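I have placed the structure first, in the form of structure tokens, so that the comments after it can refer back to it.
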Amino acid sequence: MMRTMALALVAAGFGLTAAAQESAPPPPPPQAASNEAPSLVTGVCVQCHGATGASADPALYPHLSGQVSDYIVKQLRDFKAGVRNDPVMTSMAYTVATDEDARAVANWYAGQTVTPSAATQPDLIERGKKLWRAGDAAKGIPACSGCHGASGQGLPAQYPRLSGQLPSYLAQQLQRFRNGERANDPEGMMRAIAERLTDNDVKSVSEYASGLR
């Protein structure tokens with residue numbers, strides 16, 4: 001019931017949200033506190049996410065460059081609390097001992113230049129564009145841009161940046177939301193949306209989001 005209500009609220013409020021996003025430029029990413037990467041980044045995170053947030057293995061790890069700082073902090077907390085499970089990150093998150101450590105890592109990656117990504121399957125772009133901009137009312141799917149921004153920049157403290165992200169990673173997370181493997185979305189919002197997506201929808205919107213600038 002709560003998931004259905006949350007989805008309805010997203011769909012109902014999309015027009016106002018989208019209008020505000022169209023009229024206001026995306027906020028600049030937080031600046032890293034120092035010109036030098038935190039020791040956790042250079043000693044731990046770099047192995048998978050790179051020093052500047054460029055994934056070391058596109059098949060396994062997401063880009064973190066330009067990601068919303070508050071979102072990174074939340075995910076680290078969720079991994080540590082067992083709210084979000086991942087065979088690698090669940091254990092790695094414990095190396096981030098304090099909230100101050102988490103914030104330092106998050107601010108560093110948020111302040112890095114977003115790694116460009118490009119769609120690799122042009123035939124999926126049109127469907128992805130429709131889902132991103134308008135959703136699919138017949139299937140009860142709200143527009144992705146209503147929460148993630150017209151250009152995929154995300155909203156601080158609420159929704160992650162998706163532009164420039166690896167399409168393989170985006171598709172993987174949508175599939176995990178759909179089958180319940182990932183359940184750290186507030187009020188089950190992403191699970192409710194993902195359940196309405198076909199495999200082709202997942203591929204299409206992932207490809208489109210990846211190429212946003």
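Within each chain, counting starts at residue 1; across the structure tokens, chains are named A, B, ... in the order shown, with ligands numbered 1 upward in that order.
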
Checklist entry - Could you name the residues that touch Arg127 in chain A at 8 Å or less, counting only C-alpha atoms, but leaving out those on the same chain fewer than 4 positions away, as a PyMOL selection string? => result chain A and resi 131+201+204-205

For the residues selected in the previous step, produce a file with C-alpha atoms as a short mmCIF file (atom, residue, chain, number, x, y, z; two decimals), in the first residue's frame.
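Listing of selection-v9.cif after writing:
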data_model
loop_
_atom_site.label_atom_id
_atom_site.label_comp_id
_atom_site.auth_asym_id
_atom_site.auth_seq_id
_atom_site.Cartn_x
_atom_site.Cartn_y
_atom_site.Cartn_z
CA LEU A 131 10.28 6.63 -20.35
CA ASP A 201 12.31 -1.05 -20.85
CA SER A 204 16.20 1.23 -23.03
CA VAL A 205 16.07 3.63 -20.10
#

Checklist entry - Excluding same-chain residues fewer than 5 positions from Ala37 in chain A, what lies within 9 Å of it counting only C-alpha atoms, as a list in words? => result Ala32, Thr42, Ala51, Thr52, Ala104, Val105, Trp108 and Tyr109 of chain A

Could the residues in this selection be saved with N, CA and C atoms as a PDB file, in the first residue's frame?
ATOM      1  N   ALA A  32      35.347  19.097  -3.347  1.00  0.00           N
ATOM      2  CA  ALA A  32      36.111  18.290  -2.407  1.00  0.00           C
ATOM      3  C   ALA A  32      36.782  19.206  -1.399  1.00  0.00           C
ATOM      4  N   THR A  42      42.380   6.700  -1.797  1.00  0.00           N
ATOM      5  CA  THR A  42      43.623   6.208  -2.395  1.00  0.00           C
ATOM      6  C   THR A  42      44.012   4.825  -1.906  1.00  0.00           C
ATOM      7  N   ALA A  51      40.565   6.578  -8.620  1.00  0.00           N
ATOM      8  CA  ALA A  51      40.826   7.759  -7.797  1.00  0.00           C
ATOM      9  C   ALA A  51      39.885   8.907  -8.127  1.00  0.00           C
ATOM     10  N   THR A  52      39.404   8.965  -9.369  1.00  0.00           N
ATOM     11  CA  THR A  52      38.516  10.047  -9.783  1.00  0.00           C
ATOM     12  C   THR A  52      37.083   9.579 -10.006  1.00  0.00           C
ATOM     13  N   ALA A 104      33.855  12.579   3.745  1.00  0.00           N
ATOM     14  CA  ALA A 104      35.081  12.947   3.034  1.00  0.00           C
ATOM     15  C   ALA A 104      35.181  12.201   1.705  1.00  0.00           C
ATOM     16  N   VAL A 105      34.891  10.908   1.728  1.00  0.00           N
ATOM     17  CA  VAL A 105      34.911  10.105   0.502  1.00  0.00           C
ATOM     18  C   VAL A 105      33.858  10.613  -0.478  1.00  0.00           C
ATOM     19  N   TRP A 108      34.681  13.967  -2.046  1.00  0.00           N
ATOM     20  CA  TRP A 108      35.759  13.853  -3.033  1.00  0.00           C
ATOM     21  C   TRP A 108      35.196  13.389  -4.368  1.00  0.00           C
ATOM     22  N   TYR A 109      34.439  12.312  -4.359  1.00  0.00           N
ATOM     23  CA  TYR A 109      33.913  11.793  -5.618  1.00  0.00           C
ATOM     24  C   TYR A 109      32.887  12.738  -6.239  1.00  0.00           C
TER      25      TYR A 109
END

Item to check | Residue contacts of range 74-76 of chain A (10 Å, only C-alpha atoms) excluding same-chain residues fewer than 6 positions away, as number ranges by chain | outcome: A: 82-84, 89-90, 92-94, 96, 99, 102-103, 106, 157-158, 184

Could you save those same residues with N, CA and C atoms as a PDB file, in the first residue's frame?
ATOM      1  N   GLY A  82      23.351  -3.249   6.624  1.00  0.00           N
ATOM      2  CA  GLY A  82      22.752  -4.445   6.034  1.00  0.00           C
ATOM      3  C   GLY A  82      21.444  -4.183   5.325  1.00  0.00           C
ATOM      4  N   VAL A  83      21.095  -2.901   5.150  1.00  0.00           N
ATOM      5  CA  VAL A  83      19.867  -2.541   4.451  1.00  0.00           C
ATOM      6  C   VAL A  83      20.028  -2.766   2.952  1.00  0.00           C
ATOM      7  N   ARG A  84      21.235  -2.561   2.476  1.00  0.00           N
ATOM      8  CA  ARG A  84      21.563  -2.872   1.090  1.00  0.00           C
ATOM      9  C   ARG A  84      22.686  -3.891   1.095  1.00  0.00           C
ATOM     10  N   MET A  89      30.647  -4.650  -1.475  1.00  0.00           N
ATOM     11  CA  MET A  89      30.486  -3.408  -0.721  1.00  0.00           C
ATOM     12  C   MET A  89      30.011  -3.610   0.714  1.00  0.00           C
ATOM     13  N   THR A  90      29.296  -4.659   0.988  1.00  0.00           N
ATOM     14  CA  THR A  90      28.837  -4.888   2.359  1.00  0.00           C
ATOM     15  C   THR A  90      30.014  -4.984   3.316  1.00  0.00           C
ATOM     16  N   MET A  92      33.282  -3.922   2.395  1.00  0.00           N
ATOM     17  CA  MET A  92      34.148  -2.772   2.189  1.00  0.00           C
ATOM     18  C   MET A  92      33.647  -1.538   2.946  1.00  0.00           C
ATOM     19  N   ALA A  93      32.347  -1.417   3.120  1.00  0.00           N
ATOM     20  CA  ALA A  93      31.786  -0.239   3.787  1.00  0.00           C
ATOM     21  C   ALA A  93      32.272  -0.120   5.224  1.00  0.00           C
ATOM     22  N   TYR A  94      32.665  -1.232   5.829  1.00  0.00           N
ATOM     23  CA  TYR A  94      33.136  -1.178   7.215  1.00  0.00           C
ATOM     24  C   TYR A  94      34.501  -0.512   7.342  1.00  0.00           C
ATOM     25  N   VAL A  96      34.990   2.328   6.159  1.00  0.00           N
ATOM     26  CA  VAL A  96      34.604   3.724   6.356  1.00  0.00           C
ATOM     27  C   VAL A  96      34.026   3.814   7.763  1.00  0.00           C
ATOM     28  N   ASP A  99      31.038   8.739  10.175  1.00  0.00           N
ATOM     29  CA  ASP A  99      30.296   9.572   9.233  1.00  0.00           C
ATOM     30  C   ASP A  99      31.206  10.610   8.594  1.00  0.00           C
ATOM     31  N   ALA A 102      32.912   8.914   5.764  1.00  0.00           N
ATOM     32  CA  ALA A 102      31.972   8.739   4.658  1.00  0.00           C
ATOM     33  C   ALA A 102      31.781  10.045   3.909  1.00  0.00           C
ATOM     34  N   ARG A 103      31.659  11.145   4.662  1.00  0.00           N
ATOM     35  CA  ARG A 103      31.448  12.438   4.025  1.00  0.00           C
ATOM     36  C   ARG A 103      32.678  12.873   3.236  1.00  0.00           C
ATOM     37  N   ALA A 106      32.637  10.840   0.038  1.00  0.00           N
ATOM     38  CA  ALA A 106      31.530  11.275  -0.807  1.00  0.00           C
ATOM     39  C   ALA A 106      31.801  12.625  -1.451  1.00  0.00           C
ATOM     40  N   ALA A 157      20.517  14.991  -1.678  1.00  0.00           N
ATOM     41  CA  ALA A 157      19.913  14.368  -0.499  1.00  0.00           C
ATOM     42  C   ALA A 157      18.698  13.511  -0.817  1.00  0.00           C
ATOM     43  N   GLN A 158      18.347  13.376  -2.097  1.00  0.00           N
ATOM     44  CA  GLN A 158      17.169  12.589  -2.427  1.00  0.00           C
ATOM     45  C   GLN A 158      17.449  11.497  -3.460  1.00  0.00           C
ATOM     46  N   ASN A 184      16.515  -0.825  -0.551  1.00  0.00           N
ATOM     47  CA  ASN A 184      16.820   0.340   0.301  1.00  0.00           C
ATOM     48  C   ASN A 184      16.277   1.627  -0.308  1.00  0.00           C
TER      49      ASN A 184
END

Next on the checklist: Which residue is closest to Val41 in chain A? Choose from A:Ala119, A:Val202, A:Asn85, A:Asn107 and count only C-alpha atoms.
Outcome noted: A:Asn107

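With CA of Ser69 in chain A on one side and CA of Ala194 in chain A on the other, the separation reads 24.2 Å.
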
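Within the 6 Å cut-off around Leu170 in chain A, using only C-alpha atoms and omitting residues fewer than 3 positions from it on the same chain, the listed residues are Pro167, Gln173 and Ser206 of chain A.
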
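All residues in chain A with a DSSP state of strand (DSSP E or B), computed from the backbone, read Asp136, Ile141, Leu155 and Tyr159 of chain A.
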
Please dump the current selection as an mmCIF file, in the first residue's frame; keep N, CA and C atoms.
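Contents of result-v4.cif, as written:
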data_model
loop_
_atom_site.group_PDB
_atom_site.id
_atom_site.type_symbol
_atom_site.label_atom_id
_atom_site.label_comp_id
_atom_site.auth_asym_id
_atom_site.auth_seq_id
_atom_site.Cartn_x
_atom_site.Cartn_y
_atom_site.Cartn_z
ATOM 1 N N ASP A 136 5.221 6.119 -18.766
ATOM 2 C CA ASP A 136 4.257 5.332 -19.537
ATOM 3 C C ASP A 136 2.992 5.238 -18.697
ATOM 4 N N ILE A 141 3.872 4.010 -15.039
ATOM 5 C CA ILE A 141 5.282 4.339 -14.856
ATOM 6 C C ILE A 141 5.468 5.846 -14.955
ATOM 7 N N LEU A 155 19.007 14.861 -7.513
ATOM 8 C CA LEU A 155 18.598 15.908 -6.589
ATOM 9 C C LEU A 155 19.312 15.680 -5.265
ATOM 10 N N TYR A 159 17.869 11.920 -4.659
ATOM 11 C CA TYR A 159 17.982 10.960 -5.750
ATOM 12 C C TYR A 159 19.355 11.044 -6.414
#

Next on the checklist: For a test of reading the model, state the distance in Å between CA of Arg213 in chain A and CA of Ser163 in chain A, rounded to one decimal.
Outcome noted: 6.1 Å

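Excluding Val114 in chain A itself and same-chain residues fewer than 5 positions from it, the residues having an atom within 10 Å of it are Pro29, Thr52, Gly53, Ala54, His63, Leu64, Ser65, Gly66, Gln67, Tyr109, Arg161, Ser163, Gly164, Gln165 and Arg213 of chain A, counting only C-alpha atoms.
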
Residues from last step as file, C-alpha atoms, as a PDB file, in the first residue's frame:
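Below you can see again_37.pdb, which holds the result:
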ATOM      1  CA  PRO A  29      28.552  19.356  -7.419  1.00  0.00           C
ATOM      2  CA  THR A  52      38.516  10.047  -9.783  1.00  0.00           C
ATOM      3  CA  GLY A  53      35.419   7.879  -9.708  1.00  0.00           C
ATOM      4  CA  ALA A  54      35.931   6.112 -13.032  1.00  0.00           C
ATOM      5  CA  HIS A  63      31.176   5.340 -11.766  1.00  0.00           C
ATOM      6  CA  LEU A  64      31.180   7.646  -8.724  1.00  0.00           C
ATOM      7  CA  SER A  65      32.483  10.830 -10.329  1.00  0.00           C
ATOM      8  CA  GLY A  66      29.979  13.656  -9.973  1.00  0.00           C
ATOM      9  CA  GLN A  67      27.591  11.536  -7.918  1.00  0.00           C
ATOM     10  CA  TYR A 109      33.913  11.793  -5.618  1.00  0.00           C
ATOM     11  CA  ARG A 161      22.834  11.264 -10.519  1.00  0.00           C
ATOM     12  CA  SER A 163      23.740  10.779 -16.346  1.00  0.00           C
ATOM     13  CA  GLY A 164      27.053   9.344 -17.446  1.00  0.00           C
ATOM     14  CA  GLN A 165      26.560   6.206 -15.401  1.00  0.00           C
ATOM     15  CA  ARG A 213      24.630  15.357 -20.292  1.00  0.00           C
TER      16      ARG A 213
END

Next on the checklist: From the options A:Gly50, A:Arg191, A:Gln175, A:Trp132, which residue's atoms come nearest to Thr115 in chain A, counting only C-alpha atoms?
Outcome noted: A:Gly50

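Closest approach to Ser117 in chain A among A:Ala209, A:Leu40, A:Val68, A:Val73: A:Ala209, based on only C-alpha atoms.
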
Checklist entry - Which residue, A:Asp199, A:Glu207, A:Glu181, A:Glu187, has the smallest gap to Asp86 in chain A when you use only C-alpha atoms? => result A:Glu181

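Using only C-alpha atoms, the nearest neighbour of Ala59 in chain A within the list A:Ala81, A:Val88, A:Pro160, A:Ser168 is A:Ser168.
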
So which bits of range 109-163 of chain A end up helix (DSSP H, G or I) when you DSSP the backbone, as a compact mmCIF listing (two decimals) with C-alpha atoms, in the first residue's frame?
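out-v2.txt written:
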# COMPACT_ATOMS: atom_id res chain seq x y z
CA TYR A 109 33.91 11.79 -5.62
CA ALA A 110 31.08 14.33 -5.93
CA PRO A 122 20.85 3.32 -30.63
CA ASP A 123 17.74 1.22 -31.34
CA LEU A 124 16.80 1.46 -27.65
CA ILE A 125 17.14 5.23 -27.35
CA GLU A 126 13.64 6.24 -28.45
CA ARG A 127 11.90 4.04 -25.90
CA GLY A 128 14.36 5.16 -23.25
CA LYS A 129 13.71 8.81 -24.08
CA LYS A 130 9.95 8.32 -23.73
CA LEU A 131 10.28 6.63 -20.35
CA TRP A 132 12.71 9.27 -19.13
CA ARG A 133 10.73 12.30 -20.23
CA ALA A 137 0.85 6.24 -18.12
CA ALA A 138 -0.77 3.06 -19.41
CA LYS A 139 1.61 0.98 -17.31
CA SER A 145 13.15 12.87 -14.90
CA GLY A 146 10.60 13.69 -12.22
CA CYS A 147 13.07 12.50 -9.56
CA HIS A 148 16.44 12.29 -11.29
